[in-house]
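A.B. asks: I am sharing start-v3.csv, which consists of CSV, C-alpha atoms:
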chain,number,residue,atom,x,y,z
A,1,MET,CA,31.2,-114.1,-58.5
A,2,ALA,CA,31.9,-111.1,-60.7
A,3,GLY,CA,29.1,-111.9,-63.1
A,4,LEU,CA,26.6,-111.7,-60.2
A,5,THR,CA,28.0,-108.6,-58.7
A,6,THR,CA,27.9,-106.6,-62.0
A,7,GLY,CA,24.3,-107.5,-62.7
A,8,GLY,CA,24.3,-111.0,-64.0
A,9,PRO,CA,23.8,-112.4,-67.5
A,10,ASN,CA,21.9,-110.4,-70.1
A,11,VAL,CA,19.0,-112.8,-70.0
A,12,ASP,CA,18.7,-112.2,-66.3
A,13,VAL,CA,18.6,-108.4,-66.8
A,14,SER,CA,16.2,-108.7,-69.7
A,15,LEU,CA,13.8,-110.7,-67.7
A,16,LEU,CA,14.1,-108.2,-64.9
A,17,TYR,CA,13.2,-105.3,-67.1
A,18,GLY,CA,10.4,-107.3,-68.8
A,19,ILE,CA,8.7,-108.3,-65.5
A,20,ASN,CA,9.3,-105.0,-63.7
A,21,GLY,CA,8.2,-103.1,-66.7
A,22,ALA,CA,4.6,-104.3,-66.1
A,23,ALA,CA,4.7,-102.4,-62.9
A,24,ARG,CA,5.2,-99.1,-64.7
A,25,HIS,CA,2.0,-99.5,-66.7
A,26,ALA,CA,-0.1,-101.1,-64.0
A,27,PRO,CA,-2.5,-99.0,-61.9
A,28,ALA,CA,-1.2,-97.8,-58.5
A,29,TRP,CA,-3.6,-100.1,-56.6
A,30,LEU,CA,-2.3,-103.2,-58.3
A,31,ASP,CA,1.3,-102.2,-57.5
A,32,ARG,CA,0.2,-101.8,-53.9
A,33,VAL,CA,-1.4,-105.2,-53.8
A,34,VAL,CA,1.6,-106.9,-55.4
A,35,SER,CA,3.9,-105.1,-52.9
A,36,LEU,CA,1.7,-106.2,-50.0
A,37,LEU,CA,1.6,-109.8,-51.2
A,38,GLY,CA,5.4,-109.9,-52.0
A,39,GLU,CA,6.4,-108.6,-48.6
A,40,TYR,CA,3.9,-110.2,-46.2
A,41,GLY,CA,0.8,-111.7,-47.8
A,42,ILE,CA,2.1,-114.8,-49.5
A,43,LEU,CA,4.2,-115.8,-46.5
A,44,LEU,CA,1.2,-115.3,-44.2
A,45,ALA,CA,-0.9,-117.5,-46.6
A,46,LEU,CA,1.8,-120.2,-46.4
A,47,VAL,CA,1.6,-120.1,-42.6
A,48,LEU,CA,-2.2,-120.5,-42.7
A,49,LEU,CA,-1.8,-123.3,-45.1
A,50,VAL,CA,0.5,-125.1,-42.7
A,51,LEU,CA,-2.0,-124.7,-40.0
A,52,TRP,CA,-4.9,-125.9,-42.2
A,53,CYS,CA,-2.8,-129.0,-43.2
A,54,TRP,CA,-2.1,-129.6,-39.5
A,55,ARG,CA,-5.8,-129.5,-38.8
A,56,GLY,CA,-6.5,-132.2,-41.4
A,57,ALA,CA,-3.5,-134.3,-40.4
A,58,ARG,CA,-4.9,-134.6,-36.8
A,59,ARG,CA,-8.0,-136.5,-38.2
A,60,GLN,CA,-5.9,-139.4,-39.6
A,61,ASP,CA,-5.0,-142.6,-38.0
A,62,GLU,CA,-2.2,-142.4,-35.4
A,63,ALA,CA,0.7,-143.6,-37.6
A,64,THR,CA,-0.2,-141.3,-40.5
A,65,ALA,CA,-0.9,-138.4,-38.2
A,66,VAL,CA,2.5,-138.7,-36.5
A,67,GLU,CA,4.4,-138.7,-39.8
A,68,SER,CA,2.3,-135.8,-41.2
A,69,VAL,CA,2.7,-133.6,-38.1
A,70,ALA,CA,6.4,-134.4,-37.9
A,71,ALA,CA,6.8,-133.1,-41.5
A,72,LEU,CA,4.8,-130.0,-40.6
A,73,VAL,CA,7.1,-129.3,-37.7
A,74,TRP,CA,10.1,-129.7,-40.0
A,75,ALA,CA,8.7,-127.2,-42.5
A,76,PRO,CA,9.2,-124.1,-40.4
A,77,LEU,CA,12.4,-125.4,-38.9
A,78,ALA,CA,13.8,-126.0,-42.3
A,79,ALA,CA,12.7,-122.5,-43.4
A,80,GLY,CA,14.5,-121.0,-40.5
A,81,LEU,CA,17.6,-123.0,-41.2
A,82,ALA,CA,17.5,-122.0,-44.9
A,83,LEU,CA,17.5,-118.3,-43.9
A,84,LEU,CA,20.5,-118.9,-41.7
A,85,VAL,CA,22.3,-120.4,-44.6
A,86,ASN,CA,21.3,-117.5,-46.7
A,87,VAL,CA,23.0,-114.9,-44.4
A,88,PRO,CA,26.7,-115.9,-45.1
A,89,LEU,CA,25.8,-116.8,-48.7
A,90,ARG,CA,24.6,-113.2,-49.4
A,91,GLU,CA,27.8,-111.8,-47.8
A,92,PHE,CA,30.0,-114.2,-49.9
A,93,VAL,CA,28.3,-113.3,-53.2
A,94,GLY,CA,27.9,-109.6,-52.5
A,95,ARG,CA,25.5,-108.9,-55.3
A,96,GLN,CA,24.0,-105.5,-55.1
A,97,ARG,CA,20.2,-104.9,-55.5
A,98,PRO,CA,19.2,-104.4,-59.2
A,99,PHE,CA,18.1,-100.8,-58.7
A,100,ARG,CA,21.6,-100.0,-57.6
A,101,GLN,CA,23.1,-101.4,-60.9
A,102,HIS,CA,20.5,-100.6,-63.5
A,103,GLU,CA,18.5,-97.4,-64.3
A,104,GLY,CA,14.9,-97.2,-65.4
A,105,LEU,CA,13.5,-99.7,-62.9
A,106,HIS,CA,10.2,-99.0,-61.3
A,107,VAL,CA,11.0,-99.9,-57.7
A,108,LEU,CA,8.0,-100.6,-55.4
A,109,ASP,CA,8.6,-99.8,-51.7
A,110,PRO,CA,7.8,-102.8,-49.5
A,111,ALA,CA,4.4,-102.5,-48.0
A,112,PHE,CA,4.3,-100.7,-44.7
A,113,GLY,CA,7.9,-99.7,-45.4
A,114,TRP,CA,10.3,-101.9,-43.5
A,115,GLY,CA,12.8,-100.9,-46.2
A,116,LEU,CA,15.1,-103.9,-45.7
A,117,GLY,CA,15.5,-104.3,-49.4
A,118,ARG,CA,17.3,-101.0,-49.6
A,119,THR,CA,20.3,-102.1,-47.6
A,120,GLU,CA,20.7,-105.8,-48.0
A,121,PHE,CA,22.4,-107.7,-50.8
A,122,SER,CA,20.3,-109.4,-53.4
A,123,PHE,CA,21.4,-113.0,-53.9
A,124,VAL,CA,19.6,-115.1,-52.9
A,125,SER,CA,16.0,-113.9,-52.2
A,126,GLY,CA,15.3,-114.5,-48.6
A,127,HIS,CA,11.5,-114.2,-49.1
A,128,THR,CA,11.6,-116.8,-51.9
A,129,THR,CA,13.8,-119.1,-49.8
A,130,LEU,CA,11.4,-119.0,-46.9
A,131,ALA,CA,8.4,-119.5,-49.1
A,132,MET,CA,9.9,-122.4,-51.0
A,133,ALA,CA,11.0,-124.2,-47.8
A,134,LEU,CA,7.5,-124.0,-46.4
A,135,GLY,CA,6.0,-125.2,-49.6
A,136,VAL,CA,8.4,-128.2,-50.0
A,137,GLY,CA,7.9,-129.0,-46.3
A,138,LEU,CA,4.2,-129.0,-46.9
A,139,PHE,CA,4.7,-131.3,-49.9
A,140,VAL,CA,6.5,-133.8,-47.6
A,141,ALA,CA,3.5,-133.8,-45.3
A,142,ASN,CA,0.7,-133.6,-47.9
A,143,ARG,CA,1.2,-133.5,-51.7
A,144,LYS,CA,-2.0,-131.6,-52.4
A,145,PHE,CA,-1.2,-128.8,-49.9
A,146,GLY,CA,2.4,-129.0,-50.9
A,147,LEU,CA,1.7,-128.3,-54.6
A,148,LEU,CA,-0.4,-125.3,-53.6
A,149,GLY,CA,2.5,-124.1,-51.3
A,150,ILE,CA,5.1,-124.5,-54.0
A,151,GLY,CA,2.9,-122.5,-56.4
A,152,LEU,CA,2.7,-119.7,-53.8
A,153,ALA,CA,6.5,-119.8,-53.5
A,154,PHE,CA,6.8,-119.2,-57.3
A,155,ALA,CA,4.3,-116.4,-56.9
A,156,GLU,CA,6.4,-114.9,-54.1
A,157,GLY,CA,9.5,-114.9,-56.4
A,158,LEU,CA,7.6,-113.3,-59.2
A,159,CYS,CA,6.4,-110.5,-56.9
A,160,ARG,CA,9.9,-109.8,-55.8
A,161,VAL,CA,11.1,-109.3,-59.4
A,162,TYR,CA,8.0,-107.3,-60.2
A,163,MET,CA,8.9,-105.0,-57.2
A,164,GLY,CA,12.3,-104.4,-58.7
A,165,ILE,CA,14.3,-105.5,-55.7
A,166,HIS,CA,15.5,-108.9,-57.0
A,167,TYR,CA,16.9,-110.4,-60.2
A,168,PRO,CA,15.2,-113.6,-61.6
A,169,THR,CA,18.3,-115.5,-60.7
A,170,ASP,CA,18.0,-114.3,-57.1
A,171,VAL,CA,14.6,-116.0,-57.1
A,172,ILE,CA,15.9,-119.2,-58.7
A,173,GLY,CA,18.6,-119.4,-56.1
A,174,GLY,CA,16.0,-119.0,-53.4
A,175,LEU,CA,13.8,-121.7,-54.8
A,176,ALA,CA,16.8,-124.0,-55.0
A,177,LEU,CA,18.1,-123.2,-51.5
A,178,GLY,CA,14.7,-123.7,-49.9
A,179,THR,CA,14.2,-127.0,-51.7
A,180,ALA,CA,17.7,-128.3,-50.9
A,181,VAL,CA,17.6,-127.6,-47.2
A,182,VAL,CA,14.2,-129.3,-46.8
A,183,LEU,CA,14.9,-132.4,-48.9
A,184,LEU,CA,18.5,-133.1,-48.1
A,185,LEU,CA,18.0,-132.9,-44.3
A,186,ALA,CA,14.5,-134.5,-44.2
A,187,PRO,CA,15.7,-138.0,-43.5
A,188,LEU,CA,17.7,-136.9,-40.4
A,189,ALA,CA,14.9,-134.5,-39.3
A,190,MET,CA,12.2,-137.2,-39.6
A,191,ALA,CA,14.3,-139.7,-37.7
A,192,ALA,CA,14.5,-137.2,-34.9
A,193,LEU,CA,11.0,-135.7,-35.0
A,194,ASN,CA,8.9,-138.9,-35.5
A,195,PRO,CA,9.7,-140.4,-32.0
A,196,LEU,CA,9.2,-137.0,-30.4
A,197,VAL,CA,5.8,-136.4,-32.1
A,198,ARG,CA,4.8,-140.0,-31.3
A,199,ALA,CA,5.6,-139.4,-27.6
A,200,VAL,CA,3.5,-136.2,-27.7
A,201,ALA,CA,0.6,-138.1,-29.4
A,202,ARG,CA,0.5,-140.7,-26.6
A,203,SER,CA,0.8,-138.1,-23.8
A,204,ARG,CA,-2.4,-137.1,-21.9
A,205,ARG,CA,-1.9,-133.3,-22.3
A,206,GLY,CA,-0.2,-133.0,-25.7
A,207,GLY,CA,-2.0,-135.7,-27.5
A,208,ARG,CA,-4.5,-133.3,-29.0
A,209,LEU,CA,-1.7,-131.5,-30.9
A,210,VAL,CA,-1.3,-134.7,-33.0
A,211,ARG,CA,-4.7,-136.3,-33.0
A,212,SER,CA,-8.2,-135.0,-32.6
A,213,LYS,CA,-9.9,-135.7,-29.4
A,214,ASN,CA,-12.8,-137.5,-31.0
A,215,LEU,CA,-10.3,-139.8,-32.8
A,216,ALA,CA,-8.3,-140.9,-29.8
A,217,LEU,CA,-7.4,-144.5,-29.7
A,218,PRO,CA,-10.2,-146.5,-28.1
A,219,ARG,CA,-9.3,-148.2,-24.9
A,220,PRO,CA,-10.2,-151.9,-24.6
A,221,VAL,CA,-13.2,-152.4,-22.3
A,222,GLY,CA,-14.9,-155.5,-21.2
A,223,LEU,CA,-18.2,-156.1,-23.0
A,224,PRO,CA,-21.0,-157.1,-20.7
A,225,GLN,CA,-22.2,-160.6,-21.2
A,226,ALA,CA,-25.8,-161.2,-21.9
A,227,GLN,CA,-27.6,-162.5,-18.9
A,228,THR,CA,-30.2,-165.2,-19.3
A,229,PRO,CA,-33.1,-165.2,-16.9
A,230,PRO,CA,-32.8,-168.0,-14.3
A,231,THR,CA,-34.8,-171.1,-15.1
A,232,HIS,CA,-36.8,-172.6,-12.2
A,233,GLU,CA,-37.8,-176.2,-11.9
A,234,SER,CA,-41.4,-175.2,-11.5
A,235,ASP,CA,-41.4,-173.6,-14.9
A,236,LEU,CA,-39.9,-176.7,-16.5
A,237,ALA,CA,-42.5,-178.8,-14.9
A,238,ALA,CA,-45.3,-176.6,-16.2
Can I see the file as structure tokens?

C.D. replies:
Amino acid sequence: MAGLTTGGPNVDVSLLYGINGAARHAPAWLDRVVSLLGEYGILLALVLLVLWCWRGARRQDEATAVESVAALVWAPLAAGLALLVNVPLREFVGRQRPFRQHEGLHVLDPAFGWGLGRTEFSFVSGHTTLAMALGVGLFVANRKFGLLGIGLAFAEGLCRVYMGIHYPTDVIGGLALGTAVVLLLAPLAMAALNPLVRAVARSRRGGRLVRSKNLALPRPVGLPQAQTPPTHESDLAA
């Protein structure tokens, strides 16, 4: 762990200076936008993407809707689990933030100034871990939305390096951790969530959470039989 603690390999530090150096020459408004996106904006976009995907999943047939909604439920659960794994990992590695190890970095304060990046360890990036877990979870539910979510996770990692508060390897570690938690535990998660979501889908009150009201399964009804007018003997005689 000494290599991480003292700043990592030269390629890591060189990439840090190269990406963060763009912030020094960028206009102040752009730095502000990147800081806002890196701290809150991209994560909010991923949450909205999950909700959008859920809206579309409810319009599918029952079996597909159950699987998709179960995967969408797993996405935030996996993201939370990945963050829990990240807590002891950070303490174990104990890697200091790059601005504490290297001079000349242009450090952008997190938008609206929570300032958490000033006190926590660096490896792995919690924001990137959270974003990647949501993105991969989306991919399990819907590939099109998932590819977009994974792209946003990469953008999140780039923003964190641009801000000067993470090394590139912190981001790579976050991408790997988020992916591993989602995919390795997905079989167990789906085995537990699918029956639960299926039960919700067939319930009277919770069914709309899984399937749209206008796509509810039709109930069998007896079709009225065509009635023929009675035939009278007088008519036949005529």

A.B. asks: When you count only C-alpha atoms, which of these residues is closest to A:Gln101: A:Val124, A:Ile165, A:Ala23, A:Leu30?

C.D. replies: A:Ile165

A.B. asks: Out of A:Leu209, A:Ile42, A:Leu77, A:Arg100, which residue has the shortest atom-to-atom distance to A:Ile150 when counting only C-alpha atoms?

C.D. replies: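 Distance minimum relative to A:Ile150 lands on A:Ile42.
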
A.B. asks: If we count all atoms listed in the file, what is near A:Leu185 at a cut-off of 10 Å, once residues fewer than 4 positions away on the same chain are taken out, given as a list in words?

C.D. replies: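 My list of contacting residues is Trp74, Ala78, Ala180, Val181, Ala189 and Met190 of chain A.
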
A.B. asks: Could those residues be written to a file, using C-alpha atoms, as a tab-separated table (two decimals), in the frame of the given file?

C.D. replies:
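Resulting contents of again_5.tsv:
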chain	number	residue	atom	x	y	z
A	74	TRP	CA	10.10	-129.70	-40.00
A	78	ALA	CA	13.80	-126.00	-42.30
A	180	ALA	CA	17.70	-128.30	-50.90
A	181	VAL	CA	17.60	-127.60	-47.20
A	189	ALA	CA	14.90	-134.50	-39.30
A	190	MET	CA	12.20	-137.20	-39.60

A.B. asks: So that I can see what lies close to A:Met132, please list as number ranges by chain the residues with an atom at most 8 Å from it, counting all atoms listed in the file and leaving out residues fewer than 4 positions away in the same chain.

C.D. replies: A: 128, 136, 149-150, 153-154, 174-175, 178-179

A.B. asks: Between atom CA of A:Arg97 and atom CA of A:Ala22, what is the spacing in Å?

C.D. replies: 18.9 Å

A.B. asks: List every protein, DNA or RNA residue that has at least one atom no more than 12 Å from (4.4, -139.1, -38.2) in the file's coordinates, counting all atoms listed in the file, and write the result as a PyMOL selection string.

C.D. replies: chain A and resi 54+57-58+60-74+140-142+189-201+210-211

A.B. asks: Which polymer residues, whether protein, DNA or RNA, lie within 9 Å of the coordinate (4.7, -120.9, -45.8) when you count only C-alpha atoms? List them as a list in words, using the chain letters and numbers from the file.

C.D. replies: Ile42, Leu43, Leu44, Ala45, Leu46, Val47, Leu48, Leu49, Val50, Ala75, Pro76, Ala79, Leu130, Ala131, Met132, Ala133, Leu134, Gly135, Gly137, Leu138, Gly149, Ile150, Leu152 and Ala153 of chain A

A.B. asks: Can you work out the spacing between atom CA of A:Gly41 and atom CA of A:Glu156 in Å, to one decimal?

C.D. replies: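 Going from atom CA of A:Gly41 over to atom CA of A:Glu156 covers 9.0 Å.
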
A.B. asks: Could you tell me how far atom CA of A:Ala176 sits from atom CA of A:Glu91, in Å to one decimal place?

C.D. replies: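 Here the two named atoms are 17.9 Å from each other.
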
A.B. asks: Given the choices A:Arg205, A:His25, A:His166, A:Arg32, which gets closest to A:Phe99 if the distance is worked out from only C-alpha atoms?

C.D. replies: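 When distances to A:Phe99 are compared using only C-alpha atoms, the smallest one comes from A:His166.
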
A.B. asks: Tell me which of A:Ala82, A:Met163, A:Leu147, A:Val13 sits closest to A:Leu184, counting only C-alpha atoms.

C.D. replies: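 The shortest atom-to-atom distance to A:Leu184 comes from A:Ala82.
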
A.B. asks: Using all atoms listed in the file, find the one residue out of A:Ala28, A:Gly80, A:Leu108, A:Arg59 that sits nearest to A:Gly164.

C.D. replies: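 Checking each candidate against A:Gly164, we get A:Leu108 as the closest.
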